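Undergrad: The structure follows.
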Amino acid sequence: MKDFHEREILQKLAEGDQFSFGLVFHIYHSRLYHFAFHYLNDEESAKDVVQDVFSAIWEDRAKLADVKNLSSWLYSVTKNLCLKKIDQLKVKQKHSDFLKYRQLTVIQLSLNELDTSPVIFDEMTRIIDHTLEKLSPQSRRIFELSRYEHKKNAEIASELNISIKTVEAGITRALKDLRKALRHYLPLFIA
(Lines give C-alpha, C1' and ligand atoms only; values in the text may rest on other atoms or scores of the structure.)
Protein backbone atom coordinates (compact mmCIF):
# COMPACT_ATOMS: atom_id res chain seq x y z
CA MET A 1 0.00 0.00 0.00
CA LYS A 2 1.20 3.46 -0.70
CA ASP A 3 1.78 5.62 2.35
CA PHE A 4 -1.12 8.00 1.59
CA HIS A 5 -3.63 5.21 0.97
CA GLU A 6 -2.38 3.32 3.98
CA ARG A 7 -3.00 6.28 6.31
CA GLU A 8 -6.45 6.77 4.79
CA ILE A 9 -7.31 3.07 5.21
CA LEU A 10 -6.02 3.09 8.80
CA GLN A 11 -8.14 6.17 9.58
CA LYS A 12 -11.28 4.57 8.10
CA LEU A 13 -10.52 1.29 9.87
CA ALA A 14 -10.10 3.19 13.16
CA GLU A 15 -13.60 4.57 12.57
CA GLY A 16 -14.98 1.03 12.12
CA ASP A 17 -15.17 0.84 8.32
CA GLN A 18 -15.70 -2.83 7.45
CA PHE A 19 -14.60 -2.39 3.83
CA SER A 20 -11.19 -1.15 5.03
CA PHE A 21 -10.95 -4.12 7.37
CA GLY A 22 -11.75 -6.46 4.47
CA LEU A 23 -9.11 -4.77 2.35
CA VAL A 24 -6.43 -5.19 5.03
CA PHE A 25 -7.53 -8.81 5.49
CA HIS A 26 -7.32 -9.46 1.74
CA ILE A 27 -3.87 -7.91 1.41
CA TYR A 28 -2.21 -9.32 4.54
CA HIS A 29 -3.91 -12.58 5.53
CA SER A 30 -1.81 -14.86 3.34
CA ARG A 31 1.42 -13.02 4.09
CA LEU A 32 0.89 -13.17 7.84
CA TYR A 33 -0.11 -16.83 7.68
CA HIS A 34 3.12 -17.76 5.86
CA PHE A 35 5.14 -15.66 8.29
CA ALA A 36 3.54 -17.41 11.29
CA PHE A 37 3.80 -20.84 9.68
CA HIS A 38 7.52 -20.30 9.03
CA TYR A 39 8.14 -19.99 12.76
CA LEU A 40 5.48 -22.28 14.19
CA ASN A 41 5.71 -25.00 11.53
CA ASP A 42 2.11 -25.97 12.27
CA GLU A 43 -0.91 -25.08 10.12
CA GLU A 44 -3.45 -24.89 12.93
CA SER A 45 -1.21 -22.80 15.16
CA ALA A 46 -0.43 -20.42 12.29
CA LYS A 47 -4.14 -20.09 11.48
CA ASP A 48 -4.89 -19.39 15.15
CA VAL A 49 -2.26 -16.68 15.30
CA VAL A 50 -3.50 -14.95 12.15
CA GLN A 51 -7.07 -15.13 13.38
CA ASP A 52 -5.93 -13.53 16.64
CA VAL A 53 -4.12 -10.80 14.67
CA PHE A 54 -7.27 -9.86 12.77
CA SER A 55 -9.35 -10.05 15.94
CA ALA A 56 -6.88 -7.66 17.57
CA ILE A 57 -7.11 -5.33 14.57
CA TRP A 58 -10.88 -5.13 14.85
CA GLU A 59 -11.02 -4.97 18.65
CA ASP A 60 -8.30 -2.28 18.87
CA ARG A 61 -9.27 -0.47 15.67
CA ALA A 62 -9.58 2.89 17.44
CA LYS A 63 -5.82 2.81 18.14
CA LEU A 64 -4.95 2.21 14.48
CA ALA A 65 -5.11 5.92 13.62
CA ASP A 66 -1.80 6.29 15.51
CA VAL A 67 -0.05 3.50 13.57
CA LYS A 68 2.63 4.88 11.25
CA ASN A 69 3.39 1.75 9.22
CA LEU A 70 0.62 -0.87 8.94
CA SER A 71 2.83 -3.61 7.53
CA SER A 72 5.41 -3.22 10.28
CA TRP A 73 2.69 -3.09 12.95
CA LEU A 74 0.98 -6.24 11.61
CA TYR A 75 4.22 -8.21 11.50
CA SER A 76 5.06 -7.05 15.03
CA VAL A 77 1.67 -8.19 16.32
CA THR A 78 2.04 -11.49 14.46
CA LYS A 79 5.55 -11.97 15.85
CA ASN A 80 4.37 -11.33 19.42
CA LEU A 81 1.43 -13.71 19.03
CA CYS A 82 3.77 -16.36 17.59
CA LEU A 83 6.01 -15.98 20.64
CA LYS A 84 2.97 -16.34 22.88
CA LYS A 85 1.85 -19.43 20.93
CA ILE A 86 5.34 -20.95 21.23
CA ASP A 87 5.19 -20.43 25.01
CA GLN A 88 1.81 -22.18 25.08
CA LEU A 89 3.13 -25.05 22.97
CA LYS A 90 6.16 -25.40 25.23
CA VAL A 91 3.95 -25.64 28.31
CA LYS A 92 1.71 -28.16 26.56
CA GLN A 93 4.74 -30.22 25.50
CA LYS A 94 6.18 -30.09 29.01
CA HIS A 95 2.83 -31.19 30.41
CA SER A 96 2.56 -33.94 27.81
CA ASP A 97 5.99 -35.26 28.72
CA PHE A 98 5.05 -35.10 32.39
CA LEU A 99 1.94 -37.16 31.67
CA LYS A 100 4.06 -39.72 29.83
CA TYR A 101 6.40 -39.81 32.82
CA ARG A 102 3.47 -40.35 35.22
CA GLN A 103 2.06 -43.05 32.96
CA LEU A 104 5.39 -44.88 32.95
CA THR A 105 5.58 -44.56 36.74
CA VAL A 106 2.12 -46.10 37.15
CA ILE A 107 3.03 -48.92 34.77
CA GLN A 108 6.25 -49.52 36.67
CA LEU A 109 4.41 -49.64 40.00
CA SER A 110 1.84 -52.06 38.63
CA LEU A 111 4.58 -54.34 37.29
CA ASN A 112 6.34 -54.26 40.64
CA GLU A 113 3.10 -55.30 42.35
CA LEU A 114 2.18 -57.96 39.81
CA ASP A 115 2.43 -61.44 41.21
CA THR A 116 3.79 -63.68 38.47
CA SER A 117 3.57 -66.94 40.36
CA PRO A 118 2.01 -69.87 38.47
CA VAL A 119 -0.77 -70.14 41.06
CA ILE A 120 -1.86 -66.53 40.45
CA PHE A 121 -1.66 -66.88 36.68
CA ASP A 122 -3.72 -70.07 36.79
CA GLU A 123 -6.32 -68.27 38.91
CA MET A 124 -6.34 -65.28 36.54
CA THR A 125 -6.74 -67.59 33.52
CA ARG A 126 -9.68 -69.27 35.23
CA ILE A 127 -11.29 -65.88 35.93
CA ILE A 128 -10.73 -64.73 32.35
CA ASP A 129 -12.25 -67.92 30.92
CA HIS A 130 -15.21 -67.70 33.32
CA THR A 131 -15.78 -64.00 32.47
CA LEU A 132 -15.64 -64.66 28.72
CA GLU A 133 -18.16 -67.51 29.10
CA LYS A 134 -20.65 -65.01 30.56
CA LEU A 135 -20.42 -62.79 27.47
CA SER A 136 -22.80 -63.18 24.57
CA PRO A 137 -21.43 -65.56 21.91
CA GLN A 138 -20.87 -62.63 19.53
CA SER A 139 -19.02 -60.48 22.11
CA ARG A 140 -16.87 -63.45 23.13
CA ARG A 141 -16.00 -64.20 19.49
CA ILE A 142 -15.18 -60.53 18.82
CA PHE A 143 -12.88 -60.45 21.85
CA GLU A 144 -11.15 -63.72 20.92
CA LEU A 145 -10.55 -62.55 17.34
CA SER A 146 -9.19 -59.26 18.61
CA ARG A 147 -7.02 -60.39 21.49
CA TYR A 148 -6.11 -63.98 20.72
CA GLU A 149 -5.91 -63.87 16.93
CA HIS A 150 -4.73 -60.22 16.80
CA LYS A 151 -7.16 -59.19 14.08
CA LYS A 152 -8.01 -55.56 13.38
CA ASN A 153 -11.53 -54.28 13.98
CA ALA A 154 -12.22 -53.99 10.24
CA GLU A 155 -11.14 -57.60 9.70
CA ILE A 156 -13.39 -58.80 12.52
CA ALA A 157 -16.33 -56.79 11.17
CA SER A 158 -15.83 -58.30 7.73
CA GLU A 159 -15.42 -61.84 9.03
CA LEU A 160 -18.51 -61.69 11.25
CA ASN A 161 -20.50 -59.54 8.82
CA ILE A 162 -21.15 -56.80 11.42
CA SER A 163 -20.33 -53.10 11.68
CA ILE A 164 -17.05 -51.80 13.08
CA LYS A 165 -19.06 -50.01 15.79
CA THR A 166 -20.48 -53.37 16.87
CA VAL A 167 -16.93 -54.75 17.04
CA GLU A 168 -15.80 -51.78 19.14
CA ALA A 169 -18.80 -52.15 21.46
CA GLY A 170 -18.10 -55.88 21.90
CA ILE A 171 -14.46 -55.29 22.79
CA THR A 172 -15.36 -52.46 25.17
CA ARG A 173 -17.93 -54.64 26.95
CA ALA A 174 -15.50 -57.57 27.29
CA LEU A 175 -12.69 -55.36 28.62
CA LYS A 176 -15.03 -53.71 31.12
CA ASP A 177 -16.15 -57.09 32.43
CA LEU A 178 -12.56 -58.38 32.58
CA ARG A 179 -11.33 -55.32 34.45
CA LYS A 180 -14.10 -55.79 36.97
CA ALA A 181 -13.39 -59.51 37.38
CA LEU A 182 -9.61 -59.01 37.71
CA ARG A 183 -9.70 -55.89 39.89
CA HIS A 184 -8.16 -57.70 42.89
CA TYR A 185 -5.25 -59.04 40.85
CA LEU A 186 -4.29 -55.93 38.93
CA PRO A 187 -5.26 -52.94 41.12
CA LEU A 188 -2.63 -50.48 39.92
CA PHE A 189 -2.80 -51.60 36.32
CA ILE A 190 -6.57 -51.15 36.20
CA ALA A 191 -6.37 -47.79 37.95
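Letters for chains follow the order of the C-alpha coordinates (A, B, ...), residue numbers begin at 1 for each chain, and ligand numbers begin at 1 in the order shown.
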Would you list the contacts of His38 of chain A as JSON, numbers by chain, taking every protein, DNA or RNA residue within 12 Å and counting only C-alpha atoms, but skipping same-chain residues closer than 5 positions in sequence?
TA: {"A": [31, 32, 33, 43, 45, 46, 47, 78, 79, 82]}
Undergrad: Near Lys68 of chain A, within 10 Å and counting only C-alpha atoms, which residues show up once chain neighbours fewer than 2 positions away are dropped, as a PDB file with N, CA and C atoms, in the first residue's frame?
TA:
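That gives us result15.pdb:
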ATOM      1  N   ASP A   3       1.860   4.970   1.044  1.00  0.00           N
ATOM      2  CA  ASP A   3       1.780   5.622   2.347  1.00  0.00           C
ATOM      3  C   ASP A   3       0.480   6.407   2.516  1.00  0.00           C
ATOM      4  N   GLU A   6      -2.468   4.073   2.747  1.00  0.00           N
ATOM      5  CA  GLU A   6      -2.385   3.317   3.984  1.00  0.00           C
ATOM      6  C   GLU A   6      -2.918   4.134   5.149  1.00  0.00           C
ATOM      7  N   ARG A   7      -2.517   5.424   5.225  1.00  0.00           N
ATOM      8  CA  ARG A   7      -3.001   6.283   6.305  1.00  0.00           C
ATOM      9  C   ARG A   7      -4.512   6.472   6.213  1.00  0.00           C
ATOM     10  N   LEU A  10      -6.138   3.215   7.343  1.00  0.00           N
ATOM     11  CA  LEU A  10      -6.022   3.093   8.797  1.00  0.00           C
ATOM     12  C   LEU A  10      -7.022   4.017   9.500  1.00  0.00           C
ATOM     13  N   LEU A  64      -5.673   2.328  15.747  1.00  0.00           N
ATOM     14  CA  LEU A  64      -4.952   2.212  14.477  1.00  0.00           C
ATOM     15  C   LEU A  64      -4.662   3.555  13.829  1.00  0.00           C
ATOM     16  N   ALA A  65      -5.376   4.590  14.189  1.00  0.00           N
ATOM     17  CA  ALA A  65      -5.115   5.916  13.620  1.00  0.00           C
ATOM     18  C   ALA A  65      -3.711   6.396  13.973  1.00  0.00           C
ATOM     19  N   ASP A  66      -3.144   5.891  15.069  1.00  0.00           N
ATOM     20  CA  ASP A  66      -1.798   6.291  15.508  1.00  0.00           C
ATOM     21  C   ASP A  66      -0.689   5.451  14.880  1.00  0.00           C
ATOM     22  N   LEU A  70       1.511   0.261   8.723  1.00  0.00           N
ATOM     23  CA  LEU A  70       0.616  -0.866   8.943  1.00  0.00           C
ATOM     24  C   LEU A  70       1.341  -2.199   8.806  1.00  0.00           C
ATOM     25  N   SER A  71       2.128  -2.353   7.777  1.00  0.00           N
ATOM     26  CA  SER A  71       2.829  -3.607   7.533  1.00  0.00           C
ATOM     27  C   SER A  71       3.732  -3.960   8.716  1.00  0.00           C
ATOM     28  N   SER A  72       4.516  -3.001   9.153  1.00  0.00           N
ATOM     29  CA  SER A  72       5.410  -3.223  10.278  1.00  0.00           C
ATOM     30  C   SER A  72       4.616  -3.560  11.537  1.00  0.00           C
ATOM     31  N   TRP A  73       3.528  -2.849  11.778  1.00  0.00           N
ATOM     32  CA  TRP A  73       2.693  -3.094  12.951  1.00  0.00           C
ATOM     33  C   TRP A  73       2.096  -4.498  12.914  1.00  0.00           C
TER      34      TRP A  73
END
Undergrad: Between atom CA of Val50 of chain A and atom CA of Glu15 of chain A, what is the distance in Å, rounded to a tenth?
TA: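 According to the coordinates, atom CA of Val50 of chain A and atom CA of Glu15 of chain A are separated by 22.0 Å.
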Undergrad: Between atom CA of Ser55 of chain A and atom CA of Asp42 of chain A, what is the distance in Å, rounded to a tenth?
TA: 20.0 Å
Undergrad: From the options A:Lys152, A:Lys165, A:Ala181, A:Gly16, which residue's atoms come nearest to Arg126 of chain A, counting only C-alpha atoms?
TA: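 Of all the options, A:Ala181 lies closest to Arg126 of chain A.
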Undergrad: Select, from A:His5, A:Arg147, A:Lys84, A:Lys63, the residue with the minimum atom-to-atom distance to Ala36 of chain A, counting only C-alpha atoms.
TA: A:Lys84
Undergrad: For segment 155-157 of chain A, list every protein, DNA or RNA residue within 8 Å, evaluated using only C-alpha atoms, and leave out those in the same chain fewer than 2 positions away; present the list as a list in words.
TA: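 The contact residues come out as Ile142, Leu145, Ser146, Lys151, Lys152, Asn153, Glu159, Leu160, Asn161, Ile162, Ser163, Ile164, Thr166 and Val167 of chain A.
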Undergrad: Point out the residue among A:Arg61, A:Phe21, A:Leu40, A:Val119 with the least atom-to-atom distance to Lys90 of chain A, counting only C-alpha atoms.
TA: A:Leu40
Undergrad: Near Leu135 of chain A, within 9 Å and counting only C-alpha atoms, which residues show up once chain neighbours fewer than 6 positions away are dropped, as a list of chain:residue names?
TA: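 Using only C-alpha atoms, the neighbours found are A:Arg173, A:Ala174, A:Asp177.
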Undergrad: So, counting only C-alpha atoms, which residue among A:Phe25, A:Phe37, A:Arg141, A:Trp58 is closest to Leu13 of chain A?
TA: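 Nearest to Leu13 of chain A: A:Trp58.
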